[in-house]
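my_file15.txt, holding compact mmCIF, C-alpha atoms and all ligand atoms:
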```
# COMPACT_ATOMS: atom_id res chain seq x y z
CA MET A 140 69.76 -120.70 -189.62
CA ALA A 141 66.01 -120.49 -190.07
CA LEU A 142 64.30 -123.71 -191.05
CA THR A 143 63.27 -122.34 -194.42
CA GLU A 144 66.86 -121.56 -195.34
CA LYS A 145 67.90 -125.18 -195.06
CA GLU A 146 69.65 -126.70 -198.04
CA PRO A 147 66.93 -128.62 -199.87
CA ASP A 148 69.04 -131.82 -199.86
CA SER A 149 70.48 -131.60 -196.36
CA GLU A 150 68.01 -134.10 -194.93
CA ARG A 151 68.47 -136.63 -197.67
CA ARG A 152 70.53 -139.73 -197.07
CA ARG A 153 73.17 -140.02 -199.79
CA VAL A 154 73.42 -143.64 -200.91
CA THR A 155 75.28 -145.97 -203.28
CA ILE A 156 74.01 -149.36 -204.38
CA LEU A 157 76.60 -151.96 -205.37
CA GLY A 158 74.92 -154.70 -207.41
CA SER A 159 71.84 -152.60 -208.16
CA THR A 160 70.60 -154.85 -210.99
CA GLY A 161 70.34 -157.94 -208.77
CA SER A 162 67.50 -159.16 -206.61
CA VAL A 163 68.55 -157.25 -203.46
CA GLY A 164 69.66 -154.25 -205.55
CA CYS A 165 66.25 -153.99 -207.26
CA SER A 166 64.42 -154.29 -203.94
CA THR A 167 66.60 -151.50 -202.55
CA LEU A 168 65.77 -149.23 -205.48
CA ASP A 169 62.10 -150.10 -205.10
CA LEU A 170 62.17 -148.75 -201.54
CA ILE A 171 64.15 -145.67 -202.57
CA GLU A 172 61.61 -144.88 -205.28
CA ARG A 173 58.76 -145.29 -202.81
CA ASN A 174 60.33 -142.62 -200.60
CA PRO A 175 60.83 -139.67 -202.93
CA GLY A 176 62.82 -136.88 -201.37
CA ALA A 177 64.44 -139.10 -198.76
CA TYR A 178 67.47 -140.31 -200.71
CA THR A 179 70.01 -139.07 -203.24
CA VAL A 180 71.77 -141.78 -205.19
CA GLU A 181 75.48 -141.31 -205.82
CA ALA A 182 76.34 -144.52 -207.68
CA LEU A 183 74.73 -147.64 -209.11
CA THR A 184 76.79 -150.65 -210.20
CA ALA A 185 76.26 -153.90 -212.09
CA PHE A 186 78.43 -156.61 -213.58
CA ARG A 187 77.46 -157.18 -217.24
CA ASN A 188 73.88 -156.00 -217.49
CA ALA A 189 74.59 -152.60 -219.07
CA ASN A 190 71.04 -152.23 -220.40
CA GLY A 191 69.43 -152.96 -217.05
CA LEU A 192 71.82 -150.60 -215.31
CA ALA A 193 71.20 -147.84 -217.86
CA GLU A 194 67.46 -148.24 -217.46
CA GLN A 195 67.80 -147.91 -213.66
CA ALA A 196 70.14 -144.93 -214.04
CA ARG A 197 67.69 -143.08 -216.31
CA ARG A 198 65.01 -143.55 -213.67
CA ILE A 199 67.04 -142.91 -210.52
CA ARG A 200 69.53 -140.33 -211.85
CA PRO A 201 72.66 -141.29 -209.92
CA ALA A 202 75.82 -139.23 -210.40
CA LEU A 203 77.69 -142.36 -211.55
CA ALA A 204 76.91 -145.72 -213.16
CA VAL A 205 79.55 -148.48 -213.29
CA VAL A 206 79.68 -151.88 -215.01
CA GLY A 207 82.19 -154.38 -213.64
CA ASP A 208 82.87 -155.90 -217.05
CA PRO A 209 85.09 -153.49 -219.04
CA GLY A 210 83.69 -154.99 -222.27
CA GLU A 211 80.31 -153.40 -221.45
CA TYR A 212 81.66 -149.86 -221.17
CA GLY A 213 80.67 -148.88 -224.72
CA HIS A 214 77.11 -150.18 -224.26
CA LEU A 215 76.64 -148.32 -221.03
CA ARG A 216 78.10 -145.08 -222.36
CA GLN A 217 75.88 -145.23 -225.41
CA ALA A 218 72.78 -146.06 -223.36
CA LEU A 219 73.39 -143.07 -221.06
CA GLU A 220 74.48 -140.61 -223.74
CA GLY A 221 73.23 -137.10 -223.07
CA THR A 222 72.01 -137.83 -219.53
CA GLY A 223 74.99 -136.21 -217.80
CA ILE A 224 75.44 -139.38 -215.74
CA GLU A 225 79.08 -140.28 -215.39
CA VAL A 226 79.95 -143.75 -216.71
CA ALA A 227 82.83 -146.08 -215.84
CA ALA A 228 83.76 -149.76 -216.13
CA GLY A 229 86.05 -152.40 -214.64
CA PRO A 230 86.86 -153.72 -211.17
CA GLU A 231 88.81 -150.58 -210.19
CA ALA A 232 85.85 -148.40 -211.16
CA LEU A 233 83.65 -150.48 -208.81
CA VAL A 234 86.06 -149.73 -205.98
CA GLU A 235 86.12 -146.07 -206.94
CA ALA A 236 82.30 -146.00 -206.89
CA ALA A 237 82.26 -147.53 -203.41
CA SER A 238 84.86 -144.99 -202.23
CA ARG A 239 82.79 -141.94 -203.14
CA PRO A 240 81.73 -140.24 -199.92
CA VAL A 241 78.14 -141.13 -199.06
CA ASP A 242 76.16 -141.83 -195.88
CA TRP A 243 75.10 -145.34 -196.79
CA VAL A 244 76.24 -148.14 -199.11
CA MET A 245 74.28 -151.26 -200.01
CA ALA A 246 76.70 -154.16 -200.65
CA ALA A 247 74.59 -156.41 -202.88
CA ILE A 248 77.19 -157.82 -205.25
CA VAL A 249 77.17 -161.61 -205.19
CA GLY A 250 80.29 -163.49 -204.15
CA ALA A 251 83.85 -162.60 -203.21
CA ALA A 252 83.85 -160.24 -206.22
CA GLY A 253 82.25 -157.76 -203.80
CA LEU A 254 85.17 -157.79 -201.34
CA ARG A 255 87.22 -154.81 -202.54
CA PRO A 256 84.19 -152.55 -203.08
CA ALA A 257 82.82 -153.48 -199.61
CA PHE A 258 86.17 -152.70 -198.00
CA ALA A 259 86.30 -149.38 -199.86
CA ALA A 260 82.87 -148.48 -198.47
CA ILE A 261 84.04 -149.39 -194.95
CA GLN A 262 87.20 -147.32 -195.35
CA GLN A 263 85.19 -144.21 -196.10
CA GLY A 264 83.33 -144.78 -192.81
CA ALA A 265 79.88 -145.18 -194.37
CA ILE A 266 77.01 -147.19 -192.99
CA LEU A 267 77.42 -150.48 -194.83
CA ALA A 268 74.23 -152.44 -195.40
CA LEU A 269 75.64 -155.90 -196.02
CA ALA A 270 73.76 -158.41 -198.14
CA ASN A 271 76.95 -159.76 -199.73
CA LYS A 272 77.56 -162.42 -197.04
CA GLU A 273 80.45 -164.00 -198.97
CA CYS A 274 82.57 -161.01 -197.85
CA LEU A 275 82.23 -161.97 -194.19
CA VAL A 276 82.78 -165.64 -194.95
CA SER A 277 85.88 -164.97 -197.02
CA ALA A 278 87.45 -162.17 -194.97
CA GLY A 279 85.46 -161.95 -191.73
CA ASP A 280 88.22 -161.14 -189.22
CA LEU A 281 89.78 -158.54 -191.50
CA MET A 282 86.45 -156.99 -192.33
CA MET A 283 85.33 -156.65 -188.71
CA ALA A 284 88.73 -155.13 -187.83
CA GLU A 285 88.37 -152.68 -190.71
CA VAL A 286 84.88 -151.68 -189.55
CA ALA A 287 86.23 -150.93 -186.06
CA LYS A 288 89.27 -149.09 -187.40
CA HIS A 289 87.28 -146.73 -189.61
CA GLY A 290 84.30 -146.25 -187.31
CA ALA A 291 82.00 -147.63 -190.00
CA THR A 292 78.60 -149.11 -189.15
CA LEU A 293 77.79 -152.59 -190.38
CA LEU A 294 74.09 -153.39 -190.73
CA PRO A 295 73.21 -156.97 -191.69
CA VAL A 296 70.66 -157.25 -194.49
CA ASP A 297 70.59 -161.05 -194.67
CA SER A 298 67.14 -161.70 -193.19
CA GLU A 299 68.37 -164.01 -190.40
CA HIS A 300 71.15 -161.67 -189.29
CA ASN A 301 68.92 -158.67 -189.58
CA ALA A 302 66.45 -160.47 -187.30
CA ILE A 303 69.20 -161.24 -184.79
CA PHE A 304 70.48 -157.67 -184.98
CA GLN A 305 67.00 -156.46 -184.02
CA VAL A 306 66.78 -158.64 -180.89
CA PHE A 307 70.43 -158.98 -179.82
CA ASP A 308 71.37 -157.19 -176.60
CA PHE A 309 74.72 -155.72 -177.64
CA ASP A 310 75.13 -154.06 -174.22
CA ARG A 311 74.77 -157.34 -172.34
CA ARG A 312 76.49 -159.86 -174.58
CA GLU A 313 77.15 -162.15 -171.62
CA SER A 314 73.40 -162.65 -171.24
CA VAL A 315 73.14 -164.23 -174.70
CA GLU A 316 73.15 -168.01 -174.44
CA LYS A 317 72.81 -168.84 -178.10
CA ILE A 318 71.71 -167.70 -181.51
CA ILE A 319 69.20 -169.77 -183.45
CA LEU A 320 69.37 -169.37 -187.22
CA THR A 321 66.27 -170.50 -189.07
CA ALA A 322 66.49 -172.11 -192.51
CA SER A 323 63.68 -172.78 -194.94
CA GLY A 324 65.29 -176.08 -195.96
CA GLY A 325 65.09 -175.03 -199.61
CA PRO A 326 63.29 -176.81 -202.45
CA PHE A 327 64.76 -180.25 -201.61
CA ARG A 328 63.97 -180.32 -197.92
CA ASP A 329 62.01 -183.58 -198.22
CA LEU A 330 63.81 -185.15 -201.15
CA ASP A 331 65.74 -188.40 -200.57
CA LEU A 332 69.44 -188.53 -201.29
CA SER A 333 69.18 -190.63 -204.45
CA SER A 334 66.68 -188.22 -206.03
CA MET A 335 68.89 -185.28 -205.05
CA ALA A 336 71.59 -186.65 -207.36
CA ASP A 337 69.43 -185.89 -210.39
CA VAL A 338 67.95 -182.47 -209.64
CA THR A 339 68.33 -179.83 -212.35
CA PRO A 340 69.48 -176.22 -212.02
CA GLU A 341 65.90 -175.11 -212.81
CA GLN A 342 64.59 -177.12 -209.85
CA ALA A 343 67.36 -175.86 -207.59
CA VAL A 344 66.76 -172.17 -208.27
CA ALA A 345 63.02 -172.43 -207.69
CA HIS A 346 63.00 -171.51 -204.02
CA PRO A 347 59.68 -172.15 -202.23
CA ASN A 348 59.58 -168.88 -200.21
CA TRP A 349 62.08 -166.33 -201.48
CA SER A 350 62.75 -164.89 -204.92
CA MET A 351 66.54 -164.47 -205.15
CA GLY A 352 69.55 -164.52 -207.46
CA ALA A 353 70.67 -167.88 -208.92
CA LYS A 354 73.75 -168.36 -206.72
CA ILE A 355 72.05 -167.88 -203.35
CA SER A 356 69.09 -169.97 -204.56
CA VAL A 357 71.43 -172.91 -205.23
CA ASP A 358 73.14 -172.25 -201.87
CA SER A 359 69.72 -172.50 -200.22
CA ALA A 360 69.06 -175.79 -202.01
CA THR A 361 72.37 -177.33 -200.82
CA MET A 362 71.96 -175.51 -197.49
CA MET A 363 75.48 -174.13 -197.93
CA ASN A 364 73.64 -170.84 -197.54
CA LYS A 365 73.06 -171.72 -193.88
CA GLY A 366 76.70 -172.73 -193.55
CA LEU A 367 77.77 -169.35 -194.94
CA GLU A 368 75.29 -167.69 -192.60
CA LEU A 369 76.73 -169.54 -189.62
CA ILE A 370 80.12 -167.99 -190.39
CA GLU A 371 78.48 -164.64 -191.06
CA ALA A 372 76.71 -164.75 -187.66
CA TYR A 373 79.94 -165.69 -185.89
CA HIS A 374 81.64 -162.54 -187.20
CA LEU A 375 78.71 -160.18 -186.81
CA PHE A 376 77.72 -161.13 -183.29
CA GLY A 377 80.92 -162.61 -181.83
CA VAL A 378 79.13 -165.76 -180.66
CA PRO A 379 81.19 -168.99 -180.73
CA HIS A 380 80.03 -171.52 -183.32
CA GLU A 381 78.92 -174.05 -180.69
CA ASN A 382 76.37 -171.46 -179.52
CA ILE A 383 74.92 -171.00 -182.99
CA GLU A 384 72.17 -173.47 -183.71
CA ILE A 385 70.44 -174.09 -187.01
CA VAL A 386 66.80 -175.12 -187.20
CA ILE A 387 64.63 -175.79 -190.24
CA HIS A 388 61.52 -173.63 -190.39
CA PRO A 389 59.81 -174.19 -193.75
CA GLN A 390 57.45 -171.19 -193.57
CA SER A 391 60.30 -168.59 -193.34
CA VAL A 392 58.27 -166.41 -190.99
CA VAL A 393 60.45 -166.54 -187.87
CA HIS A 394 63.61 -165.05 -189.37
CA SER A 395 65.89 -166.02 -186.46
CA LEU A 396 66.08 -165.97 -182.67
CA VAL A 397 68.32 -165.09 -179.75
CA ALA A 398 68.14 -167.18 -176.55
CA TYR A 399 69.09 -165.55 -173.23
CA VAL A 400 70.42 -167.04 -169.97
CA ASP A 401 67.07 -166.55 -168.22
CA GLY A 402 65.31 -168.81 -170.72
CA SER A 403 63.81 -165.98 -172.77
CA VAL A 404 63.94 -166.42 -176.52
CA LEU A 405 63.45 -163.30 -178.66
CA ALA A 406 62.60 -163.55 -182.34
CA GLN A 407 61.84 -161.26 -185.26
CA LEU A 408 58.98 -162.33 -187.54
CA GLY A 409 57.65 -161.11 -190.85
CA SER A 410 56.61 -162.15 -194.34
CA PRO A 411 59.46 -163.55 -196.41
CA ASP A 412 60.18 -160.35 -198.34
CA MET A 413 63.69 -158.88 -198.39
CA ARG A 414 62.26 -155.37 -198.44
CA THR A 415 61.74 -155.59 -194.67
CA PRO A 416 65.41 -156.14 -193.72
CA ILE A 417 66.52 -153.78 -196.50
CA ALA A 418 64.15 -151.09 -195.19
CA PHE A 419 65.47 -151.64 -191.68
CA ALA A 420 68.98 -150.87 -192.94
CA LEU A 421 67.94 -148.09 -195.32
CA GLY A 422 66.09 -146.14 -192.67
CA TRP A 423 68.29 -147.07 -189.70
CA PRO A 424 68.04 -145.97 -186.95
CA ASN A 425 64.54 -144.94 -188.04
CA ARG A 426 61.95 -147.36 -189.40
CA ILE A 427 60.48 -146.69 -192.83
CA ALA A 428 57.17 -147.97 -194.18
CA THR A 429 57.12 -150.76 -196.74
CA PRO A 430 54.33 -152.35 -198.80
CA VAL A 431 55.40 -155.81 -197.59
CA ALA A 432 52.49 -158.22 -197.01
CA ARG A 433 51.53 -158.04 -193.34
CA LEU A 434 51.76 -161.14 -191.23
CA ASN A 435 48.42 -162.79 -190.56
CA LEU A 436 49.14 -165.37 -187.89
CA ALA A 437 45.64 -166.81 -187.75
CA GLU A 438 45.71 -167.33 -191.50
CA LEU A 439 49.14 -168.96 -191.29
CA GLY A 440 47.72 -171.36 -188.70
CA GLN A 441 50.97 -173.03 -187.75
CA LEU A 442 54.70 -172.56 -187.77
CA THR A 443 56.84 -175.69 -187.77
CA PHE A 444 60.44 -176.47 -186.88
CA GLU A 445 62.68 -179.47 -187.46
CA LYS A 446 66.31 -180.54 -187.25
CA PRO A 447 68.48 -180.28 -190.39
CA ASP A 448 69.64 -183.59 -191.87
CA SER A 449 73.42 -183.47 -192.19
CA LYS A 450 73.55 -186.62 -194.36
CA ARG A 451 71.54 -185.02 -197.16
CA PHE A 452 72.89 -181.53 -196.50
CA PRO A 453 76.60 -181.96 -195.62
CA ALA A 454 77.38 -178.33 -196.55
CA ILE A 455 76.37 -177.04 -193.11
CA GLU A 456 78.96 -179.19 -191.35
CA LEU A 457 81.60 -178.33 -193.95
CA ALA A 458 81.10 -174.67 -193.10
CA ARG A 459 81.12 -175.35 -189.37
CA GLU A 460 84.39 -177.25 -189.69
CA ALA A 461 85.92 -174.49 -191.83
CA LEU A 462 84.97 -171.95 -189.18
CA GLN A 463 86.54 -174.14 -186.48
CA THR A 464 89.71 -174.64 -188.54
CA GLY A 465 89.91 -170.91 -189.13
CA GLY A 466 92.72 -169.24 -191.08
CA ALA A 467 92.13 -169.58 -194.78
CA ALA A 468 89.58 -172.42 -194.52
CA PRO A 469 86.43 -170.25 -194.78
CA THR A 470 87.97 -168.33 -197.71
CA ILE A 471 88.66 -171.64 -199.48
CA LEU A 472 85.20 -172.98 -198.63
CA ASN A 473 83.56 -169.91 -200.14
CA ALA A 474 85.71 -169.86 -203.29
CA ALA A 475 85.21 -173.59 -203.94
CA ASN A 476 81.47 -173.21 -203.41
CA GLU A 477 81.26 -170.34 -205.89
CA ILE A 478 83.07 -172.42 -208.53
CA ALA A 479 80.99 -175.54 -207.82
CA VAL A 480 77.67 -173.65 -207.91
CA HIS A 481 78.67 -172.05 -211.20
CA ALA A 482 79.62 -175.47 -212.63
CA PHE A 483 76.27 -176.90 -211.50
CA LEU A 484 74.34 -174.01 -213.07
CA GLU A 485 76.31 -174.62 -216.30
CA GLY A 486 75.34 -178.29 -216.23
CA GLN A 487 78.93 -179.46 -215.69
CA VAL A 488 78.45 -181.20 -212.34
CA SER A 489 75.58 -182.79 -210.46
CA PHE A 490 73.86 -181.22 -207.48
CA LEU A 491 75.59 -183.51 -204.97
CA ASP A 492 78.96 -182.69 -206.56
CA ILE A 493 78.70 -179.16 -205.15
CA ALA A 494 79.39 -180.15 -201.54
CA ARG A 495 81.79 -182.86 -202.75
CA THR A 496 83.83 -180.26 -204.63
CA VAL A 497 83.95 -177.97 -201.60
CA GLU A 498 85.06 -180.82 -199.34
CA MET A 499 87.79 -182.01 -201.73
CA THR A 500 89.05 -178.47 -202.33
CA LEU A 501 89.33 -177.92 -198.59
CA THR A 502 91.36 -181.12 -198.28
CA LYS A 503 93.70 -180.23 -201.17
CA ALA A 504 94.21 -176.51 -200.59
CA PRO A 505 97.31 -175.70 -198.55
CA ALA A 506 96.89 -174.08 -195.13
CA ALA A 507 97.60 -170.37 -195.35
CA GLN A 508 97.64 -167.29 -193.19
CA ILE A 509 95.56 -164.20 -193.80
CA ASN A 510 97.04 -160.85 -192.90
CA SER A 511 95.62 -158.61 -195.59
CA LEU A 512 92.94 -158.32 -198.22
CA ASP A 513 95.59 -159.15 -200.83
CA ASP A 514 96.14 -162.48 -199.00
CA VAL A 515 92.41 -163.18 -199.16
CA VAL A 516 92.26 -162.39 -202.87
CA ALA A 517 95.29 -164.62 -203.57
CA ILE A 518 93.92 -167.54 -201.50
CA ASP A 519 90.51 -167.13 -203.13
CA ARG A 520 92.07 -167.27 -206.60
CA GLU A 521 94.17 -170.32 -205.79
CA ALA A 522 91.18 -172.13 -204.23
CA ARG A 523 89.16 -171.45 -207.39
CA ASP A 524 91.91 -173.10 -209.48
CA THR A 525 91.97 -176.07 -207.09
CA ALA A 526 88.17 -176.39 -207.25
CA ARG A 527 88.28 -176.33 -211.06
CA ALA A 528 90.92 -179.07 -211.00
CA VAL A 529 88.76 -181.09 -208.58
CA ILE A 530 85.75 -180.72 -210.89
CA ALA A 531 87.78 -181.81 -213.92
CA LEU A 532 88.54 -185.10 -212.13
CA LEU A 533 85.01 -185.82 -210.92
P1 LIG B 601 71.86 -161.38 -207.93
O1 LIG B 601 72.61 -162.41 -208.68
O2 LIG B 601 70.42 -161.19 -208.18
O3 LIG B 601 72.58 -159.96 -208.11
C1 LIG B 601 73.96 -159.80 -207.97
C2 LIG B 601 74.37 -158.38 -208.33
O4 LIG B 601 75.81 -158.33 -208.30
C3 LIG B 601 73.98 -157.95 -209.74
O5 LIG B 601 73.77 -156.56 -209.76
C4 LIG B 601 75.21 -158.29 -210.57
O6 LIG B 601 75.31 -157.50 -211.74
C5 LIG B 601 76.31 -157.97 -209.59
N1 LIG B 601 77.51 -158.78 -209.81
C6 LIG B 601 77.58 -160.12 -210.01
N2 LIG B 601 78.87 -160.51 -210.19
C7 LIG B 601 79.62 -159.39 -210.11
C8 LIG B 601 81.00 -159.14 -210.24
N3 LIG B 601 81.89 -160.11 -210.51
N4 LIG B 601 81.44 -157.85 -210.12
C9 LIG B 601 80.57 -156.86 -209.87
N5 LIG B 601 79.23 -157.04 -209.74
C10 LIG B 601 78.76 -158.29 -209.86
O7 LIG B 601 72.12 -161.71 -206.38
P2 LIG B 601 71.18 -161.36 -205.13
O8 LIG B 601 70.23 -162.47 -204.93
O9 LIG B 601 70.69 -159.97 -205.21
O10 LIG B 601 72.24 -161.49 -203.95
C11 LIG B 601 73.24 -160.49 -203.73
C12 LIG B 601 73.95 -160.81 -202.41
O11 LIG B 601 72.99 -160.70 -201.36
C13 LIG B 601 74.49 -162.24 -202.34
O12 LIG B 601 75.68 -162.23 -201.60
C14 LIG B 601 73.42 -162.99 -201.57
O13 LIG B 601 73.93 -164.09 -200.86
C15 LIG B 601 72.92 -161.93 -200.64
N6 LIG B 601 71.53 -162.13 -200.19
C16 LIG B 601 70.52 -162.14 -201.10
C17 LIG B 601 69.22 -162.36 -200.68
C18 LIG B 601 68.08 -162.36 -201.66
O14 LIG B 601 66.93 -162.47 -201.25
N7 LIG B 601 68.30 -162.24 -202.95
C19 LIG B 601 68.95 -162.57 -199.33
C20 LIG B 601 70.00 -162.56 -198.42
C21 LIG B 601 71.30 -162.32 -198.86
MG MG B 602 69.53 -165.47 -195.29
```

Would you write the structure of this file as structure tokens?
Ligand code: NAD
Ligand code: MG
Amino acid sequence: MALTEKEPDSERRRVTILGSTGSVGCSTLDLIERNPGAYTVEALTAFRNANGLAEQARRIRPALAVVGDPGEYGHLRQALEGTGIEVAAGPEALVEAASRPVDWVMAAIVGAAGLRPAFAAIQQGAILALANKECLVSAGDLMMAEVAKHGATLLPVDSEHNAIFQVFDFDRRESVEKIILTASGGPFRDLDLSSMADVTPEQAVAHPNWSMGAKISVDSATMMNKGLELIEAYHLFGVPHENIEIVIHPQSVVHSLVAYVDGSVLAQLGSPDMRTPIAFALGWPNRIATPVARLNLAELGQLTFEKPDSKRFPAIELAREALQTGGAAPTILNAANEIAVHAFLEGQVSFLDIARTVEMTLTKAPAAQINSLDDVVAIDREARDTARAVIALL
């Protein structure tokens, strides 16, 4: 076929964005809009924000727009009337959206709510750009097995894991000595324990370096985010937990590092802007240009590193222990954390109660085996009930 006879869309990457109205979702759409002609959008999804989703859909023109909350169906349908964009609602519709054949799916739903859609995207063999780290925490073994079974490609979008992915020698795994995950330390890095008891949700979501959704912002403040990322790294890179180190790096410029047996340490650096790791995944294996602020090392002057304090931030060790325990423990840890963070954001529990709730839920929840996604969903639901009961007694 002569070049001129090519289908006009044949070079475009067909993409779906799950959680398009969130922080990562909006950054993904920003990059797509900056590269006109490079992408065709199949589906956009949100949870309750029908207006925001409709506004995105009118701009981006996907084939399908889905709200997770069935109660928002009428709003969405009305807002997209006459556009020809298909509209659907409910958890099953989210799975259906993720199942539509595309080249690339961004998993940017927050929490274990994103599990079934992420699995659906894997099952269709797409490239899965994974921001939704809770999926790997909750169902890591199953998810990695599913990726292998369906020949899907998993690209980490979490900035630390994206950094590691860029410098990890997958062909010589035995030469990797350890992975070093960097952590900003969050807004309470220097706060003493007694002051931490009184911090408000507004203070907790005000992250010093990154602009993110409420849940991950609170996770960064408790440092449970780094605990979740430890489990995420274990699954993505197959490195035992004792070889995954966590170091505080308040500037969030060195996004993570891989240490090799010869003493070499490779790192990926950049401004703290999620559009860099998202662009890495969106263009992969090619690199695409972004407007991200360029790193000016001389202006930065210095980069600092320190050890995390496990007394003030017990969440990291809770996650490490859950990973060591294995089985259902990481699923329970994640579910309890989601409930506790929600309760904190609602003003029902104090900041320090978040880790307390997770710890008590892990103690109370029965040991269980995971053989299927249905098992994960059932354990997740039960752990949420246990966490709610724990909170009621606090
Ligand atoms: P966000 O809260 O800004 O957005 C979440 C998105 O998921 C929204 O579109 C929302 O409508 C949708 N959603 C929420 N609950 C849902 C449900 N029950 N069913 C269906 N859809 C639902 O969150 P975010 O900050 O964009 O984070 C998304 C994921 O990416 C999280 O897992 C987070 O840990 C991870 N992540 C985010 C960042 C960041 O910079 N924001 C960085 C690394 C990793
Ligand atoms: Mg991260």

### Task
Might you pull out every residue within 12 Å of Asn188 (chain A), with all atoms listed in the file counted and same-chain residues fewer than 4 positions away left off, and present them as JSON, numbers by chain?
{"A": [158, 159, 160, 161, 183, 184, 192, 193, 194, 195, 204, 205, 206, 207, 208, 209, 210, 211, 212, 214, 215, 218, 228]}

### Summary
note - CA of Asn348 (chain A) and CA of Ser323 (chain A) are separated by 7.7 Å

Could you give me, as CSV, a per-residue list for chain A showing, wherever an atom lies at most 8 Å from an atom of ligand LIG 601 (chain B), the closest pair of atoms and their distance in Å to one decimal, using all atoms listed in the file and sorting by chain then residue number from low to high?
```
residue,atom,partner,partner_atom,distance
A:Leu157,CA,B:LIG601,O5,7.0
A:Gly158,CA,B:LIG601,O5,3.2
A:Ser159,CA,B:LIG601,O5,4.7
A:Thr160,CA,B:LIG601,O5,3.8
A:Gly161,CA,B:LIG601,O3,3.1
A:Ser162,CA,B:LIG601,O9,3.6
A:Val163,CA,B:LIG601,O9,3.9
A:Gly164,CA,B:LIG601,O9,5.8
A:Cys165,CA,B:LIG601,O9,7.7
A:Thr184,CA,B:LIG601,O5,6.7
A:Ala185,CA,B:LIG601,O6,3.7
A:Phe186,CA,B:LIG601,O6,3.7
A:Arg187,CA,B:LIG601,O6,5.9
A:Asn188,CA,B:LIG601,O6,6.1
A:Val206,CA,B:LIG601,C9,7.2
A:Gly207,CA,B:LIG601,C9,4.8
A:Asp208,CA,B:LIG601,N4,7.3
A:Pro230,CA,B:LIG601,N4,6.9
A:Leu233,CA,B:LIG601,C9,7.2
A:Ala246,CA,B:LIG601,C12,7.4
A:Ala247,CA,B:LIG601,C11,4.4
A:Ile248,CA,B:LIG601,O4,3.4
A:Val249,CA,B:LIG601,O12,3.9
A:Gly250,CA,B:LIG601,O12,5.4
A:Ala251,CA,B:LIG601,N3,8.0
A:Ala252,CA,B:LIG601,N3,4.7
A:Gly253,CA,B:LIG601,C9,6.4
A:Leu269,CA,B:LIG601,O11,7.7
A:Ala270,CA,B:LIG601,O11,4.0
A:Asn271,CA,B:LIG601,O12,3.3
A:Lys272,CA,B:LIG601,O12,4.9
A:Glu273,CA,B:LIG601,O12,5.7
A:Cys274,CA,B:LIG601,O12,7.9
A:Val296,CA,B:LIG601,C20,6.6
A:Asp297,CA,B:LIG601,C20,4.1
A:Ser298,CA,B:LIG601,C20,6.0
A:Trp349,CA,B:LIG601,O14,6.2
A:Ser350,CA,B:LIG601,O14,6.1
A:Met351,CA,B:LIG601,N7,3.6
A:Gly352,CA,B:LIG601,O8,3.3
A:Ala353,CA,B:LIG601,O1,5.8
A:Lys354,CA,B:LIG601,O1,6.4
A:Ile355,CA,B:LIG601,O13,4.9
A:Ser356,CA,B:LIG601,O8,7.6
A:Asn364,CA,B:LIG601,O13,7.5
A:Asp412,CA,B:LIG601,O14,7.7
A:Met413,CA,B:LIG601,O14,5.6
```

Export of prior selection with C-alpha atoms as a CSV table (one decimal), in the coordinates of the input:
```csv
chain,number,residue,atom,x,y,z
A,157,LEU,CA,76.6,-152.0,-205.4
A,158,GLY,CA,74.9,-154.7,-207.4
A,159,SER,CA,71.8,-152.6,-208.2
A,160,THR,CA,70.6,-154.8,-211.0
A,161,GLY,CA,70.3,-157.9,-208.8
A,162,SER,CA,67.5,-159.2,-206.6
A,163,VAL,CA,68.6,-157.2,-203.5
A,164,GLY,CA,69.7,-154.2,-205.6
A,165,CYS,CA,66.2,-154.0,-207.3
A,184,THR,CA,76.8,-150.6,-210.2
A,185,ALA,CA,76.3,-153.9,-212.1
A,186,PHE,CA,78.4,-156.6,-213.6
A,187,ARG,CA,77.5,-157.2,-217.2
A,188,ASN,CA,73.9,-156.0,-217.5
A,206,VAL,CA,79.7,-151.9,-215.0
A,207,GLY,CA,82.2,-154.4,-213.6
A,208,ASP,CA,82.9,-155.9,-217.0
A,230,PRO,CA,86.9,-153.7,-211.2
A,233,LEU,CA,83.6,-150.5,-208.8
A,246,ALA,CA,76.7,-154.2,-200.6
A,247,ALA,CA,74.6,-156.4,-202.9
A,248,ILE,CA,77.2,-157.8,-205.2
A,249,VAL,CA,77.2,-161.6,-205.2
A,250,GLY,CA,80.3,-163.5,-204.2
A,251,ALA,CA,83.8,-162.6,-203.2
A,252,ALA,CA,83.8,-160.2,-206.2
A,253,GLY,CA,82.2,-157.8,-203.8
A,269,LEU,CA,75.6,-155.9,-196.0
A,270,ALA,CA,73.8,-158.4,-198.1
A,271,ASN,CA,77.0,-159.8,-199.7
A,272,LYS,CA,77.6,-162.4,-197.0
A,273,GLU,CA,80.4,-164.0,-199.0
A,274,CYS,CA,82.6,-161.0,-197.8
A,296,VAL,CA,70.7,-157.2,-194.5
A,297,ASP,CA,70.6,-161.0,-194.7
A,298,SER,CA,67.1,-161.7,-193.2
A,349,TRP,CA,62.1,-166.3,-201.5
A,350,SER,CA,62.8,-164.9,-204.9
A,351,MET,CA,66.5,-164.5,-205.2
A,352,GLY,CA,69.6,-164.5,-207.5
A,353,ALA,CA,70.7,-167.9,-208.9
A,354,LYS,CA,73.8,-168.4,-206.7
A,355,ILE,CA,72.0,-167.9,-203.4
A,356,SER,CA,69.1,-170.0,-204.6
A,364,ASN,CA,73.6,-170.8,-197.5
A,412,ASP,CA,60.2,-160.4,-198.3
A,413,MET,CA,63.7,-158.9,-198.4
```
